[in-house]
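> For reference, the file input_0.csv (CSV, C-alpha atoms and all ligand atoms) is included below:
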```csv
chain,number,residue,atom,x,y,z
A,787,MET,CA,25.1,-210.8,-95.5
A,788,HIS,CA,25.7,-208.7,-92.4
A,789,VAL,CA,28.3,-205.9,-92.4
A,790,LEU,CA,29.6,-204.4,-89.2
A,791,ILE,CA,30.6,-200.7,-89.5
A,792,CYS,CA,32.8,-199.2,-86.8
A,793,GLY,CA,32.0,-195.4,-86.4
A,794,GLY,CA,28.8,-193.5,-86.7
A,795,GLY,CA,30.1,-190.4,-88.5
A,796,VAL,CA,29.0,-189.3,-92.0
A,797,ILE,CA,31.2,-192.0,-93.6
A,798,GLY,CA,29.8,-194.9,-91.5
A,799,ALA,CA,26.2,-193.7,-91.9
A,800,SER,CA,26.6,-193.3,-95.7
A,801,ILE,CA,28.1,-196.8,-96.1
A,802,ALA,CA,25.2,-198.2,-94.1
A,803,TYR,CA,22.7,-196.3,-96.3
A,804,PHE,CA,24.2,-197.6,-99.6
A,805,LEU,CA,24.5,-201.1,-98.3
A,806,SER,CA,20.9,-201.1,-97.2
A,807,CYS,CA,19.9,-199.9,-100.7
A,808,ARG,CA,21.5,-203.2,-101.9
A,809,GLY,CA,19.5,-205.2,-99.4
A,810,VAL,CA,22.5,-205.9,-97.2
A,811,LYS,CA,22.0,-205.7,-93.4
A,812,ALA,CA,24.4,-203.2,-91.8
A,813,THR,CA,25.1,-202.4,-88.2
A,814,VAL,CA,26.8,-199.1,-87.3
A,815,ILE,CA,28.7,-199.4,-84.0
A,816,GLU,CA,29.2,-195.9,-82.5
A,817,ARG,CA,31.1,-195.2,-79.2
A,818,THR,CA,29.7,-191.8,-78.2
A,819,GLY,CA,26.8,-190.6,-80.4
A,820,LEU,CA,25.8,-190.4,-84.0
A,821,ALA,CA,27.7,-187.4,-85.7
A,822,CYS,CA,29.1,-186.4,-82.3
A,823,ALA,CA,32.5,-185.6,-83.9
A,824,ALA,CA,33.5,-183.7,-87.1
A,825,SER,CA,30.5,-185.0,-88.9
A,826,GLY,CA,28.2,-182.9,-86.7
A,827,LYS,CA,30.6,-180.0,-86.2
A,828,SER,CA,31.9,-179.3,-89.7
A,829,GLY,CA,31.0,-176.7,-92.3
A,830,GLY,CA,28.9,-179.0,-94.6
A,831,PHE,CA,30.1,-177.0,-97.7
A,832,LEU,CA,30.1,-178.9,-101.0
A,833,ALA,CA,31.9,-178.1,-104.2
A,834,ARG,CA,31.7,-180.0,-107.5
A,835,ASP,CA,35.0,-179.1,-109.1
A,836,TRP,CA,37.3,-177.7,-106.4
A,837,CYS,CA,39.1,-181.1,-106.3
A,838,ASP,CA,39.7,-181.1,-110.1
A,839,GLY,CA,43.3,-181.7,-110.9
A,840,SER,CA,43.8,-184.1,-107.9
A,841,PRO,CA,43.0,-187.8,-107.6
A,842,LEU,CA,40.0,-186.8,-105.6
A,843,ALA,CA,38.2,-185.3,-108.6
A,844,PRO,CA,36.1,-188.2,-109.8
A,845,LEU,CA,35.0,-189.1,-106.2
A,846,ALA,CA,34.1,-185.4,-105.5
A,847,ARG,CA,32.2,-185.0,-108.8
A,848,ARG,CA,30.2,-188.2,-108.2
A,849,SER,CA,29.5,-187.3,-104.6
A,850,PHE,CA,28.4,-183.7,-105.5
A,851,ALA,CA,25.9,-185.3,-107.9
A,852,LEU,CA,24.8,-187.9,-105.3
A,853,HIS,CA,24.1,-185.1,-102.7
A,854,ALA,CA,21.7,-183.5,-105.2
A,855,MET,CA,20.0,-186.8,-106.0
A,856,LEU,CA,19.6,-187.8,-102.4
A,857,ALA,CA,18.1,-184.4,-101.5
A,858,GLU,CA,15.7,-184.6,-104.4
A,859,GLN,CA,14.6,-188.2,-103.8
A,860,SER,CA,14.1,-187.9,-100.0
A,861,ALA,CA,11.2,-186.4,-98.1
A,862,ASP,CA,13.7,-185.7,-95.3
A,863,ASP,CA,15.2,-182.2,-95.1
A,864,TRP,CA,18.9,-181.8,-94.1
A,865,GLY,CA,19.4,-178.2,-95.3
A,866,TYR,CA,20.7,-179.0,-98.8
A,867,ARG,CA,20.8,-176.1,-101.1
A,868,ARG,CA,22.9,-174.7,-103.9
A,869,LEU,CA,24.4,-171.3,-103.2
A,870,ASP,CA,26.7,-168.5,-104.3
A,871,THR,CA,30.2,-168.5,-102.8
A,872,TYR,CA,32.5,-165.5,-102.4
A,873,GLY,CA,36.2,-164.9,-101.4
A,874,GLY,CA,37.9,-161.9,-99.9
A,875,PHE,CA,39.9,-160.5,-97.0
A,876,ALA,CA,39.5,-158.5,-93.8
A,877,GLY,CA,41.9,-156.8,-91.4
A,878,PHE,CA,44.2,-155.9,-94.3
A,879,PRO,CA,44.0,-152.4,-95.9
A,880,LYS,CA,40.6,-152.1,-97.5
A,881,ARG,CA,40.2,-152.2,-101.2
A,882,ARG,CA,37.1,-151.7,-103.4
A,883,SER,CA,34.8,-154.7,-103.0
A,884,ARG,CA,33.7,-156.2,-106.3
A,885,TYR,CA,30.6,-157.7,-104.7
A,886,GLY,CA,28.4,-156.1,-102.1
A,887,LEU,CA,27.5,-158.5,-99.2
A,888,ASP,CA,25.6,-156.2,-96.9
A,889,TRP,CA,25.8,-158.6,-93.9
A,890,LEU,CA,29.6,-158.2,-93.7
A,891,SER,CA,31.3,-155.1,-92.3
A,892,PRO,CA,32.2,-152.4,-94.8
A,893,ASP,CA,35.9,-153.1,-93.9
A,894,VAL,CA,35.7,-156.5,-95.5
A,895,THR,CA,36.8,-156.6,-99.1
A,896,VAL,CA,34.8,-159.2,-101.2
A,897,SER,CA,37.1,-159.6,-104.2
A,898,GLN,CA,36.0,-162.8,-105.9
A,899,ALA,CA,33.1,-165.0,-106.8
A,900,LEU,CA,34.4,-168.5,-106.0
A,901,GLY,CA,31.3,-170.5,-106.9
A,902,SER,CA,27.7,-170.3,-108.0
A,903,PRO,CA,24.6,-172.5,-107.5
A,904,ASP,CA,26.0,-174.5,-110.5
A,905,ASN,CA,29.0,-175.8,-108.6
A,906,THR,CA,28.7,-175.0,-104.9
A,907,ALA,CA,26.2,-176.2,-102.3
A,908,GLN,CA,25.8,-177.0,-98.6
A,909,VAL,CA,24.1,-179.4,-96.2
A,910,HIS,CA,23.7,-179.3,-92.4
A,911,PRO,CA,26.3,-182.0,-91.8
A,912,GLY,CA,24.8,-183.4,-88.6
A,913,GLN,CA,21.3,-183.5,-90.1
A,914,PHE,CA,22.7,-185.1,-93.3
A,915,THR,CA,24.4,-187.9,-91.2
A,916,ALA,CA,21.3,-188.5,-89.2
A,917,ALA,CA,19.2,-188.7,-92.3
A,918,MET,CA,21.5,-191.2,-93.9
A,919,MET,CA,21.3,-193.3,-90.8
A,920,ARG,CA,17.5,-193.0,-90.7
A,921,GLY,CA,17.3,-193.9,-94.4
A,922,ALA,CA,19.5,-197.0,-93.7
A,923,GLU,CA,17.4,-198.0,-90.6
A,924,ALA,CA,14.2,-197.8,-92.7
A,925,GLN,CA,15.8,-200.4,-95.0
A,926,GLY,CA,16.9,-202.8,-92.2
A,927,ALA,CA,20.1,-201.3,-90.8
A,928,GLU,CA,20.8,-201.0,-87.1
A,929,PHE,CA,22.5,-198.3,-85.0
A,930,ARG,CA,24.2,-199.7,-81.9
A,931,LEU,CA,25.9,-197.6,-79.2
A,932,GLY,CA,29.1,-199.3,-78.1
A,933,ARG,CA,32.9,-199.1,-78.3
A,934,ALA,CA,34.7,-201.2,-81.0
A,935,THR,CA,37.6,-202.8,-79.0
A,936,GLY,CA,38.9,-205.3,-81.6
A,937,ILE,CA,38.3,-207.2,-84.8
A,938,CYS,CA,37.6,-211.0,-84.5
A,939,GLN,CA,39.6,-212.9,-87.1
A,940,HIS,CA,39.9,-216.5,-88.2
A,941,GLY,CA,42.1,-218.0,-90.9
A,942,GLY,CA,43.1,-214.5,-92.3
A,943,ARG,CA,39.5,-213.4,-92.4
A,944,ALA,CA,37.6,-210.8,-90.4
A,945,ILE,CA,34.6,-212.6,-88.8
A,946,GLY,CA,33.3,-209.9,-86.4
A,947,VAL,CA,33.9,-207.0,-84.1
A,948,GLU,CA,34.5,-207.0,-80.4
A,949,ILE,CA,32.1,-204.5,-78.9
A,950,ASP,CA,33.1,-203.5,-75.4
A,951,GLY,CA,35.0,-206.8,-75.3
A,952,GLU,CA,32.1,-209.0,-76.5
A,953,ALA,CA,32.4,-210.7,-79.9
A,954,VAL,CA,29.6,-209.9,-82.5
A,955,GLU,CA,29.8,-211.9,-85.7
A,956,GLY,CA,29.5,-210.4,-89.2
A,957,ASP,CA,30.4,-211.3,-92.8
A,958,ALA,CA,32.5,-208.1,-93.3
A,959,VAL,CA,33.7,-205.2,-91.2
A,960,VAL,CA,34.4,-201.6,-92.1
A,961,ILE,CA,36.6,-199.2,-90.1
A,962,ALA,CA,35.1,-195.7,-90.4
A,963,MET,CA,36.1,-194.2,-87.1
A,964,GLY,CA,37.5,-190.9,-88.5
A,965,PRO,CA,40.7,-189.9,-86.8
A,966,TRP,CA,40.1,-192.7,-84.2
A,967,SER,CA,40.7,-195.2,-87.0
A,968,ILE,CA,44.3,-195.1,-85.9
A,969,LEU,CA,43.3,-197.3,-83.0
A,970,ALA,CA,42.3,-200.0,-85.6
A,971,ALA,CA,46.0,-200.3,-86.5
A,972,LEU,CA,46.3,-202.3,-83.3
A,973,TRP,CA,43.8,-204.8,-84.9
A,974,LEU,CA,44.5,-204.7,-88.6
A,975,PRO,CA,47.5,-203.9,-90.9
A,976,LEU,CA,46.5,-200.2,-91.6
A,977,PRO,CA,48.5,-197.1,-92.3
A,978,ALA,CA,48.4,-194.2,-89.8
A,979,VAL,CA,45.5,-191.7,-89.7
A,980,PHE,CA,45.9,-188.5,-87.8
A,981,GLY,CA,43.5,-185.8,-86.4
A,982,LEU,CA,43.8,-182.1,-87.2
A,983,LYS,CA,41.8,-179.9,-84.8
A,984,GLY,CA,39.4,-177.1,-86.0
A,985,HIS,CA,37.3,-174.7,-83.9
A,986,SER,CA,33.9,-173.3,-84.8
A,987,LEU,CA,31.0,-171.2,-83.7
A,988,VAL,CA,27.3,-171.5,-84.6
A,989,PHE,CA,25.2,-168.3,-84.5
A,990,ASP,CA,21.5,-167.9,-84.3
A,991,THR,CA,21.2,-165.4,-87.2
A,992,ALA,CA,17.5,-166.2,-88.1
A,993,THR,CA,16.9,-164.3,-91.4
A,994,ALA,CA,19.6,-161.7,-90.9
A,995,VAL,CA,22.1,-163.5,-93.1
A,996,PRO,CA,21.3,-164.5,-96.7
A,997,GLY,CA,22.4,-167.8,-98.2
A,998,GLU,CA,25.9,-166.9,-99.3
A,999,ALA,CA,29.1,-168.9,-98.4
A,1000,VAL,CA,32.2,-166.8,-97.8
A,1001,PHE,CA,35.9,-167.7,-97.5
A,1002,LEU,CA,38.1,-165.0,-96.1
A,1003,GLU,CA,41.7,-164.3,-95.2
A,1004,TYR,CA,41.6,-162.3,-91.9
A,1005,GLN,CA,44.6,-160.5,-90.4
A,1006,GLU,CA,44.2,-160.5,-86.6
A,1007,GLN,CA,45.2,-157.2,-84.9
A,1008,HIS,CA,47.9,-158.7,-82.7
A,1009,GLY,CA,48.1,-162.2,-84.2
A,1010,GLY,CA,48.4,-164.2,-87.3
A,1011,VAL,CA,46.4,-164.6,-90.5
A,1012,LEU,CA,43.3,-166.8,-90.1
A,1013,SER,CA,41.2,-168.3,-92.9
A,1014,PRO,CA,37.6,-168.2,-91.7
A,1015,GLU,CA,34.8,-170.0,-93.6
A,1016,LEU,CA,31.3,-168.6,-93.1
A,1017,PHE,CA,28.2,-170.7,-94.0
A,1018,PRO,CA,24.7,-169.4,-93.3
A,1019,ARG,CA,22.3,-172.4,-93.2
A,1020,THR,CA,18.7,-173.0,-94.1
A,1021,ASP,CA,17.8,-173.5,-90.4
A,1022,GLY,CA,18.5,-169.9,-89.5
A,1023,THR,CA,22.0,-170.5,-88.1
A,1024,THR,CA,25.4,-169.3,-89.4
A,1025,TYR,CA,28.4,-171.6,-89.0
A,1026,VAL,CA,31.9,-170.1,-88.8
A,1027,CYS,CA,35.2,-172.0,-88.5
A,1028,GLY,CA,38.7,-170.6,-88.7
A,1029,ILE,CA,41.3,-171.7,-86.1
A,1030,SER,CA,43.2,-175.0,-86.6
A,1031,SER,CA,45.7,-176.6,-84.2
A,1032,GLU,CA,47.8,-179.7,-83.8
A,1033,GLU,CA,46.5,-180.6,-80.3
A,1034,ALA,CA,46.6,-184.4,-79.5
A,1035,LEU,CA,43.5,-186.4,-80.2
A,1036,PRO,CA,41.8,-187.6,-77.0
A,1037,ILE,CA,41.1,-191.4,-77.0
A,1038,ASP,CA,37.5,-190.6,-76.0
A,1039,PRO,CA,35.6,-188.5,-78.6
A,1040,ALA,CA,33.4,-187.1,-75.8
A,1041,GLU,CA,36.6,-185.3,-74.4
A,1042,VAL,CA,37.2,-183.1,-77.4
A,1043,ALA,CA,37.1,-179.5,-76.3
A,1044,PRO,CA,38.3,-176.2,-77.7
A,1045,ASP,CA,41.9,-175.0,-77.0
A,1046,PRO,CA,42.2,-172.3,-74.4
A,1047,GLY,CA,41.8,-168.9,-76.1
A,1048,ALA,CA,40.7,-170.2,-79.5
A,1049,ILE,CA,37.0,-169.4,-79.0
A,1050,GLY,CA,37.7,-165.9,-77.8
A,1051,ARG,CA,39.8,-165.2,-81.0
A,1052,LEU,CA,37.0,-166.6,-83.2
A,1053,GLU,CA,34.4,-164.5,-81.4
A,1054,ALA,CA,36.5,-161.3,-81.8
A,1055,MET,CA,37.1,-162.1,-85.5
A,1056,CYS,CA,33.4,-162.7,-86.1
A,1057,ALA,CA,32.4,-159.5,-84.4
A,1058,SER,CA,34.9,-157.5,-86.5
A,1059,ILE,CA,33.8,-159.2,-89.8
A,1060,SER,CA,30.0,-158.8,-89.4
A,1061,PRO,CA,27.9,-156.6,-87.2
A,1062,ARG,CA,25.0,-159.1,-87.7
A,1063,LEU,CA,27.1,-161.9,-86.2
A,1064,ALA,CA,28.2,-159.5,-83.4
A,1065,SER,CA,24.6,-159.0,-82.4
A,1066,SER,CA,23.5,-162.7,-82.7
A,1067,GLU,CA,23.4,-165.2,-79.9
A,1068,ILE,CA,26.1,-167.9,-80.1
A,1069,LEU,CA,24.5,-171.3,-79.9
A,1070,ALA,CA,27.6,-173.5,-80.0
A,1071,ARG,CA,31.4,-173.0,-79.3
A,1072,GLN,CA,33.0,-176.2,-80.4
A,1073,ALA,CA,36.0,-178.1,-81.7
A,1074,CYS,CA,36.5,-181.3,-83.7
A,1075,PHE,CA,39.2,-183.3,-85.5
A,1076,ARG,CA,39.3,-184.0,-89.2
A,1077,PRO,CA,40.9,-187.3,-90.2
A,1078,VAL,CA,44.0,-187.0,-92.4
A,1079,THR,CA,46.6,-189.3,-93.8
A,1080,SER,CA,50.3,-188.7,-94.5
A,1081,ASP,CA,49.8,-188.3,-98.3
A,1082,GLY,CA,46.6,-186.2,-98.0
A,1083,LEU,CA,44.3,-188.8,-99.7
A,1084,PRO,CA,41.7,-190.9,-98.0
A,1085,LEU,CA,42.0,-194.6,-97.3
A,1086,VAL,CA,39.0,-196.3,-99.0
A,1087,GLY,CA,39.2,-200.0,-99.8
A,1088,ALA,CA,40.0,-203.5,-98.7
A,1089,VAL,CA,42.5,-204.0,-95.9
A,1090,PRO,CA,45.5,-205.8,-97.4
A,1091,GLY,CA,45.9,-209.4,-96.2
A,1092,VAL,CA,42.6,-209.7,-94.2
A,1093,ALA,CA,39.7,-210.9,-96.2
A,1094,GLY,CA,36.4,-209.2,-95.3
A,1095,ALA,CA,38.0,-206.2,-93.7
A,1096,TYR,CA,37.6,-202.7,-95.2
A,1097,VAL,CA,38.5,-199.1,-94.3
A,1098,ALA,CA,37.0,-195.7,-95.2
A,1099,THR,CA,38.6,-192.7,-93.6
A,1100,GLY,CA,41.1,-189.9,-94.0
A,1101,HIS,CA,38.7,-187.6,-96.0
A,1102,SER,CA,40.2,-184.5,-94.4
A,1103,VAL,CA,38.4,-181.2,-95.3
A,1104,TRP,CA,36.1,-183.0,-97.8
A,1105,GLY,CA,34.5,-185.7,-95.7
A,1106,ILE,CA,30.9,-184.4,-95.9
A,1107,LEU,CA,31.2,-183.8,-99.7
A,1108,ASN,CA,32.7,-187.2,-100.4
A,1109,ALA,CA,30.6,-189.3,-98.0
A,1110,PRO,CA,27.9,-190.4,-100.4
A,1111,ALA,CA,30.3,-191.6,-103.2
A,1112,THR,CA,32.5,-193.3,-100.6
A,1113,GLY,CA,29.4,-195.1,-99.2
A,1114,GLU,CA,28.3,-196.1,-102.7
A,1115,ALA,CA,31.8,-197.4,-103.7
A,1116,ILE,CA,32.3,-199.3,-100.4
A,1117,ALA,CA,28.9,-201.0,-100.9
A,1118,GLU,CA,29.9,-202.0,-104.4
A,1119,LEU,CA,33.2,-203.3,-103.3
A,1120,ILE,CA,31.6,-205.4,-100.5
A,1121,VAL,CA,28.6,-206.7,-102.5
A,1122,ASP,CA,30.1,-206.9,-106.1
A,1123,GLY,CA,33.8,-207.4,-105.3
A,1124,ALA,CA,34.8,-204.2,-107.0
A,1125,ALA,CA,33.7,-200.5,-107.1
A,1126,HIS,CA,32.5,-199.4,-110.5
A,1127,THR,CA,31.1,-195.9,-110.0
A,1128,VAL,CA,34.5,-194.5,-109.0
A,1129,ASP,CA,38.0,-195.9,-109.3
A,1130,LEU,CA,39.2,-196.5,-105.7
A,1131,SER,CA,42.8,-197.3,-106.7
A,1132,PRO,CA,44.2,-193.9,-105.6
A,1133,PHE,CA,42.8,-194.5,-102.2
A,1134,ASP,CA,44.0,-198.1,-101.8
A,1135,PRO,CA,45.0,-198.6,-98.1
A,1136,GLY,CA,47.9,-200.8,-99.3
A,1137,ARG,CA,49.7,-197.8,-100.9
A,1138,MET,CA,51.3,-196.8,-97.6
A,1139,PRO,CA,53.2,-198.8,-95.1
A,1140,ARG,CA,51.4,-200.3,-92.1
A,1141,LEU,CA,51.6,-198.4,-88.9
A,1142,ASP,CA,53.7,-200.3,-86.4
A,1143,PRO,CA,51.3,-201.0,-83.5
A,1144,ALA,CA,54.2,-200.5,-81.1
A,1145,GLN,CA,54.1,-196.8,-82.0
A,1146,LEU,CA,50.6,-196.4,-80.6
A,1201,LIG,C1,36.3,-177.4,-88.7
A,1201,LIG,C2,36.0,-178.4,-89.8
A,1201,LIG,C3,35.2,-178.0,-90.9
A,1201,LIG,C4,34.9,-178.9,-91.9
A,1201,LIG,N1,34.2,-178.4,-93.0
A,1201,LIG,C5,33.9,-179.3,-94.0
A,1201,LIG,C6,33.1,-178.9,-95.1
A,1201,LIG,O1,32.6,-177.7,-95.1
A,1201,LIG,N2,32.8,-179.8,-96.1
A,1201,LIG,C7,33.3,-181.1,-96.1
A,1201,LIG,O2,33.1,-181.8,-97.0
A,1201,LIG,N3,34.1,-181.5,-95.0
A,1201,LIG,C8,34.3,-180.7,-94.0
A,1201,LIG,N4,35.1,-181.1,-92.9
A,1201,LIG,C9,35.6,-182.5,-92.9
A,1201,LIG,C10,34.6,-183.5,-92.4
A,1201,LIG,O3,33.9,-182.9,-91.3
A,1201,LIG,C11,35.2,-184.8,-92.1
A,1201,LIG,O4,36.1,-185.2,-93.1
A,1201,LIG,C12,34.2,-185.9,-91.8
A,1201,LIG,O5,33.2,-185.4,-90.9
A,1201,LIG,C13,34.8,-187.2,-91.3
A,1201,LIG,O6,33.8,-188.1,-91.1
A,1201,LIG,P1,34.1,-189.5,-90.5
A,1201,LIG,O7,32.8,-190.2,-90.5
A,1201,LIG,O8,35.2,-190.1,-91.2
A,1201,LIG,O9,34.7,-189.2,-89.0
A,1201,LIG,P2,34.0,-188.7,-87.7
A,1201,LIG,O10,32.9,-187.7,-87.9
A,1201,LIG,O11,35.1,-188.3,-86.8
A,1201,LIG,O12,33.2,-190.0,-87.1
A,1201,LIG,C14,34.0,-191.0,-86.5
A,1201,LIG,C15,33.1,-191.6,-85.4
A,1201,LIG,O13,33.7,-192.8,-84.9
A,1201,LIG,C16,33.4,-192.9,-83.5
A,1201,LIG,N5,34.4,-193.7,-82.8
A,1201,LIG,C17,35.6,-193.4,-82.4
A,1201,LIG,N6,36.1,-194.4,-81.7
A,1201,LIG,C18,35.2,-195.4,-81.8
A,1201,LIG,C19,35.2,-196.8,-81.3
A,1201,LIG,N7,36.3,-197.3,-80.7
A,1201,LIG,N8,34.1,-197.5,-81.5
A,1201,LIG,C20,33.0,-197.0,-82.2
A,1201,LIG,N9,33.0,-195.8,-82.7
A,1201,LIG,C21,34.1,-195.0,-82.4
A,1201,LIG,C22,33.4,-191.4,-83.1
A,1201,LIG,O14,32.6,-191.2,-81.9
A,1201,LIG,C23,32.8,-190.7,-84.3
A,1201,LIG,O15,31.4,-190.5,-84.1
A,1201,LIG,C24,35.4,-180.2,-91.9
A,1201,LIG,C25,36.2,-180.6,-90.8
A,1201,LIG,C26,36.5,-179.7,-89.8
A,1201,LIG,C27,37.3,-180.2,-88.6
```
Show how you would write the structure in this file as structure tokens.

Amino acid sequence: MHVLICGGGVIGASIAYFLSCRGVKATVIERTGLACAASGKSGGFLARDWCDGSPLAPLARRSFALHAMLAEQSADDWGYRRLDTYGGFAGFPKRRSRYGLDWLSPDVTVSQALGSPDNTAQVHPGQFTAAMMRGAEAQGAEFRLGRATGICQHGGRAIGVEIDGEAVEGDAVVIAMGPWSILAALWLPLPAVFGLKGHSLVFDTATAVPGEAVFLEYQEQHGGVLSPELFPRTDGTTYVCGISSEEALPIDPAEVAPDPGAIGRLEAMCASISPRLASSEILARQACFRPVTSDGLPLVGAVPGVAGAYVATGHSVWGILNAPATGEAIAELIVDGAAHTVDLSPFDPGRMPRLDPAQL
């Protein structure tokens, strides 16, 4: 069996990994570069139980456990670690901090412990995606640079992918192009997927910042309230994201760039939140789009009406967390005919109406 996966983000690479564990040949077709989009530019924060009470809970819990297992079993290092997580606010009148985080400015109030090494963790998302792909390749998978331009079909069945206009045969195809999965609605009966833009900075903080994740509410001096997330990483960098926008998704992932002014606001915010960030070199000023659906849940499952076609996207703010369990479940669905580690029915792509291709 040969499965063609369109999209080399964390979801596509994880599907390839779990298929290769089942002895199935997988080819990941990626237009621009492995983890070039949100999968390389996101926070990489993981939480075991923050999705509890929503249909995502079983997927998130399974995936949190898989992240730990994968890190333990592999000789590869992608910056996985358990860590403490705190919440607080800045830019508002100062209150007494319940927790002392000495790398933050004294004006920041740290009011809550949101998580502990028991239920919160992190990875470097780009390194995790690359490690999943390497692991898959070591078990026979292939990474192929090229643009998916269509799905080849015969008698109601997907029989291949058009790569830059050339047909490549396969026994099954998976759409995992993140927000660009909306383009696949031209080829397959799929609901809409949208992209929500987020901006981030990566600082070279070396050992100046300990391994503590922080979620803040930040009042800008002459602006709105931002919700920055700060993730010091094991590689001596600190990642900060915090400004979202509804800018249109460019067709070409290589053309994603920060909105004018957004990076300046982020830099000013970081300088006011932490003197250690203020004095650290900025290694990356970047933006990316997270894939979202109209009901907020991912699309993970078989494409209705087209045998051999599958989709896995729309993971929104939890794509890095939920990638391993998604990869495992899609591999089960393709190989065994049904997923058994998690119930995929809440994510059935058939639950929402098909996007009319004329709207694209
Ligand atoms: C600012 C920000 C912070 C985040 N923080 C976290 C976090 O802390 N924890 C967490 O769990 N999640 C987080 N997320 C969410 C997470 O990053 C995403 O849900 C996840 O990366 C989506 O992965 P993906 O593989 O579906 O899509 P993507 O990473 O977008 O990958 C899709 C791939 O498809 C490729 N592609 C596009 N068109 C084509 C084509 N025609 N042919 C072939 N390939 C194509 C693209 O080049 C791209 O590489 C964050 C997101 C943002 C924006």
> Within 7 Å of stretch 1099-1103 of chain A, counting all atoms listed in the file, which residues show up once you throw out same-chain ones fewer than 5 positions away? Write them as a PyMOL selection string, please.
chain A and resi 962+964+979+1076-1079+1083-1086
> May I ask which of the residues A:Phe878, A:Phe1075, A:Tyr1096, A:Phe929 is the closest one to A:Glu1041, counting only C-alpha atoms?
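Among the listed residues, A:Phe1075 lies closest to A:Glu1041.
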> Which residue is closest to ligand LIG 1201 (chain A)? Choose from A:Pro1143, A:Pro1046, A:Gly795, A:Gly1009 and count all atoms listed in the file.
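Of A:Pro1143, A:Pro1046, A:Gly795, A:Gly1009, the one nearest ligand LIG 1201 (chain A) is A:Gly795, counting all atoms listed in the file.
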> Please produce, as JSON lines, a per-residue contact table for stretch 823-908 of chain A versus stretch 1015-1029 of chain A (criterion: any atom at most 10 Å away, only C-alpha atoms considered), showing the nearest atom pair and its distance in Å to one decimal, sorted by chain then residue number.

```
{"residue": "A:Lys827", "atom": "CA", "partner": "A:Tyr1025", "partner_atom": "CA", "distance": 9.1}
{"residue": "A:Ser828", "atom": "CA", "partner": "A:Cys1027", "partner_atom": "CA", "distance": 8.1}
{"residue": "A:Gly829", "atom": "CA", "partner": "A:Tyr1025", "partner_atom": "CA", "distance": 6.6}
{"residue": "A:Gly830", "atom": "CA", "partner": "A:Phe1017", "partner_atom": "CA", "distance": 8.4}
{"residue": "A:Phe831", "atom": "CA", "partner": "A:Phe1017", "partner_atom": "CA", "distance": 7.5}
{"residue": "A:Asp863", "atom": "CA", "partner": "A:Thr1020", "partner_atom": "CA", "distance": 9.9}
{"residue": "A:Trp864", "atom": "CA", "partner": "A:Thr1020", "partner_atom": "CA", "distance": 8.8}
{"residue": "A:Gly865", "atom": "CA", "partner": "A:Thr1020", "partner_atom": "CA", "distance": 5.4}
{"residue": "A:Tyr866", "atom": "CA", "partner": "A:Thr1020", "partner_atom": "CA", "distance": 7.9}
{"residue": "A:Arg867", "atom": "CA", "partner": "A:Thr1020", "partner_atom": "CA", "distance": 7.9}
{"residue": "A:Leu869", "atom": "CA", "partner": "A:Phe1017", "partner_atom": "CA", "distance": 10.0}
{"residue": "A:Thr871", "atom": "CA", "partner": "A:Phe1017", "partner_atom": "CA", "distance": 9.3}
{"residue": "A:Tyr872", "atom": "CA", "partner": "A:Leu1016", "partner_atom": "CA", "distance": 9.9}
{"residue": "A:Gly873", "atom": "CA", "partner": "A:Glu1015", "partner_atom": "CA", "distance": 9.4}
{"residue": "A:Gln908", "atom": "CA", "partner": "A:Arg1019", "partner_atom": "CA", "distance": 7.9}
```
> Using only C-alpha atoms, which of A:Met963, A:Met787, A:Ile1116, A:Ile1037 sits nearest A:Tyr803?
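Under the stated criterion, the closest residue is A:Ile1116.
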> Can you pull out the residues contacting stretch 1038-1040 of chain A? Cut-off 9 Å, using all atoms listed in the file, and skip same-chain residues under 5 positions away; I want them as a PDB file with C-alpha atoms, keeping the file's coordinate frame.

```pdb
ATOM      1  CA  ARG A 817      31.100-195.200 -79.200  1.00  0.00           C
ATOM      2  CA  THR A 818      29.700-191.800 -78.200  1.00  0.00           C
ATOM      3  CA  GLY A 819      26.800-190.600 -80.400  1.00  0.00           C
ATOM      4  CA  CYS A 822      29.100-186.400 -82.300  1.00  0.00           C
ATOM      5  CA  ALA A 823      32.500-185.600 -83.900  1.00  0.00           C
ATOM      6  CA  TRP A 966      40.100-192.700 -84.200  1.00  0.00           C
ATOM      7  CA  CYS A1074      36.500-181.300 -83.700  1.00  0.00           C
TER       8      CYS A1074
END
```
> Find the spatial neighbours of stretch 833-837 of chain A, counting all atoms listed in the file, within a cut-off of 6 Å - ignore same-chain residues fewer than 2 positions away - and output them as a tab-separated table (two decimals) with C-alpha atoms, in the frame of the given file.

```tsv
chain	number	residue	atom	x	y	z
A	840	SER	CA	43.80	-184.10	-107.90
A	842	LEU	CA	40.00	-186.80	-105.60
A	843	ALA	CA	38.20	-185.30	-108.60
A	847	ARG	CA	32.20	-185.00	-108.80
A	850	PHE	CA	28.40	-183.70	-105.50
A	905	ASN	CA	29.00	-175.80	-108.60
A	906	THR	CA	28.70	-175.00	-104.90
```
> Would you mind telling me which residue in A:Ala1043, A:Met919, A:Leu832, A:Val810 lies nearest to ligand LIG 1201 (chain A) when using all atoms listed in the file?
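Once distances to ligand LIG 1201 (chain A) are computed over all atoms listed in the file, the minimum belongs to A:Leu832.
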> For A:Leu887, which residue among A:Gly839, A:Gly1091, A:Gly1123, A:Gly997 is the nearest when counting only C-alpha atoms?
A:Gly997
> I'd like to know which of A:Thr991, A:Thr915, A:Gly798, A:Arg930 is closest to A:Leu1069, using all atoms listed in the file.
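Once distances to A:Leu1069 are computed over all atoms listed in the file, the minimum belongs to A:Thr991.
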> Which residues are close to stretch 1087-1090 of chain A, i.e. within 9 Å by all atoms listed in the file, leaving aside same-chain residues fewer than 5 positions away? Reply as number ranges by chain.
A: 960, 974-976, 1095-1098, 1115-1116, 1119-1120, 1130-1131, 1133-1136
